[in-house]
file structure-v3.csv (CSV, C-alpha atoms)
chain,number,residue,atom,x,y,z
V,459,MET,CA,-1.4,0.2,13.3
V,460,LEU,CA,-2.2,-0.5,17.0
V,461,ALA,CA,-4.7,-3.1,15.7
V,462,MET,CA,-2.0,-4.6,13.6
V,463,GLY,CA,0.3,-4.8,16.6
V,464,LEU,CA,-2.3,-6.6,18.6
V,465,SER,CA,-2.6,-9.2,15.8
V,466,THR,CA,1.1,-9.7,15.4
V,467,THR,CA,3.7,-11.5,17.5
V,468,PRO,CA,7.4,-10.7,17.8
V,469,ALA,CA,8.3,-14.0,16.2
V,470,GLU,CA,6.2,-13.1,13.1
V,471,LEU,CA,7.9,-9.7,12.8
V,472,ALA,CA,11.4,-11.2,13.2
V,473,CYS,CA,10.6,-13.8,10.5
V,474,ALA,CA,9.2,-11.1,8.2
V,475,VAL,CA,12.3,-8.9,8.6
V,476,GLY,CA,14.5,-11.9,7.4
V,477,GLU,CA,12.6,-12.3,4.2
V,478,VAL,CA,15.0,-10.3,2.1
V,479,ARG,CA,14.1,-11.8,-1.2
V,480,VAL,CA,10.4,-11.2,-0.8
V,481,LEU,CA,11.0,-7.7,0.4
V,482,GLY,CA,13.3,-7.1,-2.5
V,483,LEU,CA,10.6,-8.3,-4.9
V,484,ASN,CA,8.0,-6.1,-3.3
V,485,SER,CA,10.3,-3.1,-3.6
V,486,LEU,CA,10.9,-3.9,-7.3
V,487,CYS,CA,7.1,-4.0,-7.9
V,488,CYS,CA,6.7,-0.8,-6.0
V,489,PHE,CA,9.4,1.3,-7.6
V,490,GLY,CA,9.8,-0.5,-10.9
V,491,LEU,CA,6.6,-2.2,-12.0
V,492,MET,CA,4.1,0.4,-10.8
V,493,PRO,CA,5.8,3.6,-12.2
V,494,LEU,CA,6.1,1.9,-15.7
V,495,THR,CA,2.5,0.7,-15.4
V,496,ALA,CA,1.5,4.2,-14.5
V,497,LEU,CA,3.0,5.5,-17.7
V,498,ALA,CA,1.2,2.9,-19.7
V,499,VAL,CA,-2.1,3.6,-18.1
V,500,GLY,CA,-1.8,7.3,-18.5
V,501,SER,CA,-0.9,6.9,-22.2
V,502,ALA,CA,-3.7,4.4,-22.8
V,503,LEU,CA,-6.2,6.9,-21.3
V,504,LYS,CA,-4.8,9.7,-23.3
V,505,CYS,CA,-4.2,11.8,-20.2
V,506,ASP,CA,-2.8,15.3,-20.7
V,507,ALA,CA,0.6,16.2,-19.3
V,508,GLU,CA,-0.8,17.4,-15.9
V,509,MET,CA,-3.0,14.4,-15.3
V,510,LEU,CA,-0.2,12.0,-16.5
V,511,THR,CA,2.0,13.6,-13.9
V,512,GLY,CA,-0.5,12.7,-11.2
V,513,VAL,CA,-0.7,9.1,-12.5
V,514,VAL,CA,3.1,8.7,-12.5
V,515,LEU,CA,3.4,10.2,-9.0
V,516,LEU,CA,0.8,7.7,-7.7
V,517,GLY,CA,2.8,4.9,-9.2
V,518,ALA,CA,6.1,6.2,-7.9
V,519,VAL,CA,5.3,6.7,-4.2
V,520,SER,CA,5.7,4.1,-1.5
V,521,GLY,CA,3.2,1.6,-0.3
V,522,GLY,CA,0.2,2.8,1.7
V,523,GLN,CA,-0.4,1.8,5.3
V,524,ALA,CA,-4.0,0.6,4.4
V,525,SER,CA,-2.3,-2.4,2.7
V,526,ASN,CA,-1.5,-3.8,6.2
V,527,LEU,CA,-5.1,-3.9,7.1
V,528,PHE,CA,-6.1,-5.4,3.8
V,529,ALA,CA,-3.4,-8.1,4.1
V,530,LEU,CA,-4.8,-9.0,7.5
V,531,LEU,CA,-8.3,-9.2,6.2
V,532,ALA,CA,-7.2,-11.3,3.2
V,533,ASN,CA,-5.6,-13.9,5.5
V,534,GLY,CA,-2.2,-12.7,4.2
V,535,ASP,CA,1.0,-12.3,6.1
V,536,ALA,CA,0.2,-9.2,8.2
V,537,ALA,CA,3.7,-9.0,9.7
V,538,LEU,CA,5.3,-9.2,6.3
V,539,SER,CA,3.0,-6.5,5.0
V,540,VAL,CA,4.0,-4.1,7.8
V,541,VAL,CA,7.7,-4.7,7.2
V,542,ALA,CA,7.2,-4.3,3.4
V,543,THR,CA,5.3,-1.0,3.8
V,544,THR,CA,7.9,0.3,6.1
V,545,THR,CA,10.7,-0.7,3.7
V,546,THR,CA,9.2,1.0,0.7
V,547,THR,CA,8.4,4.1,2.8
V,548,LEU,CA,12.1,4.4,3.8
V,549,LEU,CA,13.3,3.6,0.3
V,550,GLY,CA,10.8,6.1,-1.1
V,551,VAL,CA,12.9,9.0,0.4
V,552,LEU,CA,15.3,8.4,-2.4
V,553,ALA,CA,13.3,6.4,-5.0
V,554,THR,CA,10.3,8.8,-5.4
V,555,PRO,CA,12.4,11.9,-6.2
V,556,CYS,CA,14.6,9.9,-8.5
V,557,LEU,CA,11.6,8.4,-10.4
V,558,ALA,CA,9.9,11.8,-10.6
V,559,HIS,CA,13.1,13.3,-12.1
V,560,LEU,CA,13.5,10.5,-14.5
V,561,LEU,CA,9.9,10.1,-15.7
V,562,LEU,CA,8.6,13.7,-15.5
V,563,GLY,CA,11.2,15.5,-17.6
V,564,GLY,CA,13.8,16.3,-15.0
V,565,VAL,CA,11.6,17.9,-12.4
V,566,SER,CA,13.1,18.1,-8.9
V,567,ILE,CA,11.1,17.0,-5.9
V,568,PRO,CA,12.7,17.6,-2.5
V,569,VAL,CA,11.7,15.1,0.2
V,570,ASP,CA,12.2,15.8,3.9
V,571,ALA,CA,14.0,12.6,4.9
V,572,THR,CA,13.9,13.5,8.6
V,573,GLY,CA,10.2,14.1,8.4
V,574,VAL,CA,9.6,10.8,6.7
V,575,LEU,CA,11.5,9.0,9.4
V,576,ARG,CA,9.6,10.8,12.1
V,577,SER,CA,6.3,9.9,10.4
V,578,VAL,CA,7.3,6.3,10.1
V,579,ALA,CA,8.2,6.2,13.8
V,580,SER,CA,5.1,7.9,15.1
V,581,LEU,CA,2.5,6.5,12.7
V,582,VAL,CA,3.8,2.9,12.2
V,583,LEU,CA,6.5,1.7,14.6
V,584,VAL,CA,5.3,3.2,17.9
V,585,PRO,CA,1.7,1.9,17.7
V,586,LEU,CA,2.8,-1.4,16.2
V,587,LEU,CA,5.3,-2.1,18.9
V,588,PHE,CA,3.0,-0.9,21.6
V,589,GLY,CA,0.4,-3.4,20.3
V,590,VAL,CA,3.0,-6.2,20.2
V,591,ALA,CA,4.1,-5.3,23.7
V,592,MET,CA,0.5,-5.5,25.0
V,593,GLY,CA,0.2,-9.0,23.5
V,594,LEU,CA,3.2,-10.1,25.5
V,595,ARG,CA,2.2,-8.4,28.8
V,596,LEU,CA,-1.6,-8.8,28.6
V,597,PRO,CA,-2.2,-11.9,26.4
V,598,ALA,CA,-5.7,-12.6,27.9
V,599,LEU,CA,-6.9,-9.1,27.3
V,600,VAL,CA,-5.5,-9.0,23.8
V,601,ALA,CA,-7.1,-12.4,23.0
V,602,ARG,CA,-10.4,-10.9,23.8
V,603,VAL,CA,-10.0,-7.7,21.7
V,604,ALA,CA,-8.0,-9.2,18.8
V,605,PRO,CA,-11.2,-10.4,16.9
V,606,LEU,CA,-12.3,-6.7,16.9
V,607,CYS,CA,-9.1,-5.4,15.3
V,608,PRO,CA,-10.1,-5.9,11.7
V,609,ALA,CA,-13.4,-4.0,12.3
V,610,VAL,CA,-11.6,-1.2,14.1
V,611,GLY,CA,-9.1,-1.0,11.2
V,612,VAL,CA,-11.9,-0.8,8.6
V,613,LEU,CA,-13.7,2.0,10.5
V,614,SER,CA,-10.5,3.9,10.9
V,615,THR,CA,-9.7,3.6,7.1
V,616,LEU,CA,-13.3,4.7,6.2
V,617,VAL,CA,-12.8,7.9,8.4
V,618,LEU,CA,-9.5,8.7,6.7
V,619,VAL,CA,-10.9,8.1,3.2
V,620,ALA,CA,-14.0,10.2,3.9
V,621,GLY,CA,-11.8,13.1,5.1
V,622,GLY,CA,-9.5,12.9,2.1
V,623,ALA,CA,-12.4,12.7,-0.3
V,624,SER,CA,-14.3,15.6,1.2
V,625,SER,CA,-11.3,17.9,0.9
V,626,SER,CA,-10.8,17.0,-2.7
V,627,ALA,CA,-14.4,16.9,-3.9
V,628,SER,CA,-13.9,19.6,-6.6
V,629,LEU,CA,-11.1,17.6,-8.1
V,630,LEU,CA,-13.1,14.4,-8.2
V,631,VAL,CA,-16.3,15.8,-9.6
V,632,ALA,CA,-16.0,19.3,-11.2
V,633,SER,CA,-12.6,19.2,-12.9
V,634,ASP,CA,-12.4,18.8,-16.6
V,635,GLY,CA,-11.8,15.2,-17.6
V,636,ALA,CA,-12.4,13.9,-14.1
V,637,TRP,CA,-13.5,10.5,-15.5
V,638,ARG,CA,-9.9,10.0,-16.6
V,639,ALA,CA,-8.7,10.5,-13.0
V,640,HIS,CA,-11.1,7.9,-11.7
V,641,ALA,CA,-10.3,5.5,-14.5
V,642,ALA,CA,-6.5,5.8,-13.9
V,643,ALA,CA,-7.0,5.4,-10.1
V,644,VAL,CA,-8.8,2.1,-10.8
V,645,ALA,CA,-6.7,0.8,-13.7
V,646,LEU,CA,-3.3,1.4,-12.1
V,647,PRO,CA,-3.8,-0.9,-9.0
V,648,LEU,CA,-5.7,-3.5,-11.0
V,649,ALA,CA,-3.0,-3.8,-13.7
V,650,GLY,CA,-0.1,-3.6,-11.3
V,651,GLY,CA,-1.7,-6.1,-8.9
V,652,ALA,CA,-2.4,-8.5,-11.7
V,653,VAL,CA,1.3,-8.5,-12.8
V,654,ALA,CA,2.4,-8.8,-9.1
V,655,LEU,CA,0.1,-11.8,-8.7
V,656,ALA,CA,1.6,-13.4,-11.8
V,657,LEU,CA,5.1,-12.8,-10.6
V,658,ALA,CA,4.3,-14.3,-7.2
V,659,LYS,CA,2.8,-17.4,-8.9
V,660,LEU,CA,5.9,-17.7,-11.2
V,661,ALA,CA,8.1,-17.5,-8.1
V,662,ARG,CA,6.0,-20.2,-6.4
V,663,LEU,CA,5.5,-18.0,-3.3
V,664,PRO,CA,3.3,-19.5,-0.6
V,665,GLU,CA,-0.3,-18.4,-0.8
V,666,ARG,CA,-0.2,-16.0,2.2
V,667,VAL,CA,2.9,-14.2,0.7
V,668,THR,CA,1.2,-14.1,-2.7
V,669,ARG,CA,-1.8,-12.3,-1.3
V,670,THR,CA,0.4,-9.9,0.6
V,671,LEU,CA,2.7,-9.1,-2.3
V,672,THR,CA,-0.3,-8.5,-4.6
V,673,ILE,CA,-2.0,-6.2,-2.0
V,674,GLU,CA,1.2,-4.3,-1.3
V,675,THR,CA,1.7,-3.6,-5.0
V,676,MET,CA,-1.9,-2.4,-5.5
V,677,ILE,CA,-2.2,-0.2,-2.4
V,678,LYS,CA,0.0,2.9,-2.8
V,679,SER,CA,0.1,6.0,-0.6
V,680,PRO,CA,-2.4,8.4,-2.4
V,681,THR,CA,-2.1,11.0,0.3
V,682,LEU,CA,1.7,11.4,-0.3
V,683,ALA,CA,1.1,11.6,-4.1
V,684,TYR,CA,-1.6,14.1,-3.6
V,685,VAL,CA,0.6,16.4,-1.4
V,686,LEU,CA,3.5,16.1,-3.9
V,687,ALA,CA,1.2,16.9,-6.8
V,688,LEU,CA,-0.2,20.0,-5.1
V,689,ARG,CA,3.1,21.3,-3.9
V,690,HIS,CA,5.2,20.8,-7.0
V,691,PHE,CA,2.8,20.7,-9.9
V,692,SER,CA,-0.9,21.7,-10.0
V,693,PRO,CA,-4.4,20.9,-8.7
V,694,ARG,CA,-5.1,19.0,-11.9
V,695,ALA,CA,-2.1,16.8,-11.4
V,696,ALA,CA,-3.5,16.0,-7.9
V,697,ALA,CA,-6.8,14.8,-9.4
V,698,VAL,CA,-5.6,11.2,-9.8
V,699,PRO,CA,-4.2,10.8,-6.3
V,700,ALA,CA,-7.4,12.4,-4.9
V,701,ALA,CA,-9.5,9.8,-6.8
V,702,ALA,CA,-7.1,7.1,-5.6
V,703,MET,CA,-7.9,7.9,-1.9
V,704,VAL,CA,-11.4,6.5,-2.5
V,705,TRP,CA,-10.7,3.8,-5.1
V,706,LEU,CA,-7.7,2.2,-3.5
V,707,ALA,CA,-9.7,1.7,-0.3
V,708,ALA,CA,-12.6,0.2,-2.3
V,709,LEU,CA,-10.4,-2.1,-4.4
V,710,GLY,CA,-8.3,-3.1,-1.4
V,711,ALA,CA,-11.4,-4.0,0.6
V,712,ALA,CA,-13.0,-5.9,-2.3
V,713,THR,CA,-9.8,-7.9,-2.9
V,714,ALA,CA,-9.4,-8.7,0.8
V,715,SER,CA,-13.0,-9.7,1.1
V,716,MET,CA,-12.7,-12.0,-1.9
V,717,TRP,CA,-9.5,-13.7,-0.6
V,718,ARG,CA,-10.9,-14.0,2.9
V,719,ARG,CA,-13.6,-16.3,1.5
V,720,VAL,CA,-10.9,-18.5,-0.1
V,721,PRO,CA,-9.4,-21.0,2.3
V,722,LEU,CA,-5.6,-21.1,2.5
V,723,PRO,CA,-4.1,-24.4,1.3
V,724,GLN,CA,-2.8,-26.7,4.0
V,725,THR,CA,0.7,-27.0,2.4
V,726,ASN,CA,3.4,-24.4,3.0
V,727,ASP,CA,1.3,-21.8,4.6
V,728,ALA,CA,0.1,-23.9,7.5
V,729,GLY,CA,3.6,-23.8,9.0
V,730,GLY,CA,4.2,-20.2,8.1
V,731,ASP,CA,6.8,-21.0,5.4
V,732,ARG,CA,7.6,-18.0,3.3
V,733,SER,CA,10.6,-19.4,1.4
V,734,PHE,CA,10.8,-19.8,-2.4
call {"tool": "encode", "arguments": {"input": "structure-v3.csv", "output": "structure tokens"}}
result
Amino acid sequence: MLAMGLSTTPAELACAVGEVRVLGLNSLCCFGLMPLTALAVGSALKCDAEMLTGVVLLGAVSGGQASNLFALLANGDAALSVVATTTTTLLGVLATPCLAHLLLGGVSIPVDATGVLRSVASLVLVPLLFGVAMGLRLPALVARVAPLCPAVGVLSTLVLVAGGASSSASLLVASDGAWRAHAAAVALPLAGGAVALALAKLARLPERVTRTLTIETMIKSPTLAYVLALRHFSPRAAAVPAAAMVWLAALGAATASMWRRVPLPQTNDAGGDRSF
């Protein structure tokens, strides 16, 4: 998030915060589209009840912080991505337990709201604002290191993915029907991202916003889904979020790399217009 702050200006953040309709559409995709898509994917793959629980949890959690890096790499709207992720993280305090209760047969999942707010502050807001402040105070220095920010972000993401995958190796390889966990971890973001892309095109969103919305919808928080599955369900239910730790990073990187090779159109986005 420090790298994101170094690449973002206060004006961009202020503009992103004001995009209420775009943020609303992103939240709808996160907590409406993706949980329903998760049910459809789990049913299509004929997942058992435990594994279906893992798919639904992955679809019902907030957006993942890795989406901010992928939006930056894809030439999307990095500031909007940060605000969108923060918004769904805060909304998830209420939305994720409600969705779990509704979609998983009345199960109750307590969420530590204070802990979520503390995590958002320490992991997102503090490093982001510190990076923005550095850009204001030391613009020459930031101009030199800013080109390195995407690479630093990629390396940091790889370290986090490697750690999560190593701690979940038995779920990813040795568990019965592990292929379904991998298939669900791939199918859910691809299907949800495709629908979000179509919605953005129908809404005639600018290209940068379209890319951002698509990536935000695709990239969930698999770590949160994994912890909830282990704490409230079973290791088998955690298999899908465990697989998603790896696959979401790979899919996000592939999507960002593809879009980075596609030049942005000169209309709308050149002036930073996000309206629709």
call {"tool": "closest_residue", "arguments": {"input": "structure-v3.csv", "among": "V:Ala708, V:Leu552, V:Met716, V:Ala639", "to": "Asp506 in chain V", "atoms": "only C-alpha atoms"}}
result
V:Ala639
call {"tool": "atom_distance", "arguments": {"input": "structure-v3.csv", "atom1": "CA of Leu562 in chain V", "atom2": "CA of Leu706 in chain V"}}
result
23.3 Å
call {"tool": "closest_residue", "arguments": {"input": "structure-v3.csv", "among": "V:Gly490, V:Gly512, V:Trp717, V:Pro664", "to": "Arg689 in chain V", "atoms": "all atoms listed in the file"}}
result
V:Gly512
call {"tool": "closest_residue", "arguments": {"input": "structure-v3.csv", "among": "V:Leu596, V:Ala683, V:Ala601, V:Ala696", "to": "Pro555 in chain V", "atoms": "all atoms listed in the file"}}
result
V:Ala683
call {"tool": "closest_residue", "arguments": {"input": "structure-v3.csv", "among": "V:Thr511, V:Thr713, V:Ser539, V:Thr668", "to": "Pro647 in chain V", "atoms": "only C-alpha atoms"}}
result
V:Thr713
call {"tool": "residues_near_point", "arguments": {"input": "structure-v3.csv", "point": "(-5.6, -19.9, 2.8)", "cutoff": "9 Å", "atoms": "all atoms listed in the file", "output": "MDAnalysis selection string"}}
result
chainID V and resid 532:534 665:666 717:724 727:728
call {"tool": "atom_distance", "arguments": {"input": "structure-v3.csv", "atom1": "CA of Glu674 in chain V", "atom2": "CA of Gly710 in chain V"}}
result
9.6 Å
call {"tool": "atom_distance", "arguments": {"input": "structure-v3.csv", "atom1": "CA of Pro693 in chain V", "atom2": "CA of Asn526 in chain V"}}
result
29.0 Å
call {"tool": "residues_near_point", "arguments": {"input": "structure-v3.csv", "point": "(11.4, -3.9, 1.7)", "cutoff": "6 Å", "atoms": "only C-alpha atoms", "output": "PyMOL selection string"}}
result
chain V and resi 481-482+485+542+545-546
call {"tool": "closest_residue", "arguments": {"input": "structure-v3.csv", "among": "V:Arg479, V:His640, V:Arg602, V:His690", "to": "Trp705 in chain V", "atoms": "all atoms listed in the file"}}
result
V:His640
call {"tool": "residues_around", "arguments": {"input": "structure-v3.csv", "residues": "Ala507 in chain V", "least_positions_apart": "4", "cutoff": "12 Å", "atoms": "only C-alpha atoms", "output": "PDB file with C-alpha atoms, in the frame of the given file"}}
result
ATOM      1  CA  LEU V 497       3.000   5.500 -17.700  1.00  0.00           C
ATOM      2  CA  GLY V 500      -1.800   7.300 -18.500  1.00  0.00           C
ATOM      3  CA  SER V 501      -0.900   6.900 -22.200  1.00  0.00           C
ATOM      4  CA  LEU V 503      -6.200   6.900 -21.300  1.00  0.00           C
ATOM      5  CA  THR V 511       2.000  13.600 -13.900  1.00  0.00           C
ATOM      6  CA  GLY V 512      -0.500  12.700 -11.200  1.00  0.00           C
ATOM      7  CA  VAL V 513      -0.700   9.100 -12.500  1.00  0.00           C
ATOM      8  CA  VAL V 514       3.100   8.700 -12.500  1.00  0.00           C
ATOM      9  CA  LEU V 561       9.900  10.100 -15.700  1.00  0.00           C
ATOM     10  CA  LEU V 562       8.600  13.700 -15.500  1.00  0.00           C
ATOM     11  CA  GLY V 563      11.200  15.500 -17.600  1.00  0.00           C
ATOM     12  CA  PHE V 691       2.800  20.700  -9.900  1.00  0.00           C
ATOM     13  CA  SER V 692      -0.900  21.700 -10.000  1.00  0.00           C
ATOM     14  CA  ARG V 694      -5.100  19.000 -11.900  1.00  0.00           C
ATOM     15  CA  ALA V 695      -2.100  16.800 -11.400  1.00  0.00           C
TER      16      ALA V 695
END
call {"tool": "closest_residue", "arguments": {"input": "structure-v3.csv", "among": "V:Ile677, V:Leu663, V:Leu494, V:Ala714", "to": "Leu531 in chain V", "atoms": "all atoms listed in the file"}}
result
V:Ala714
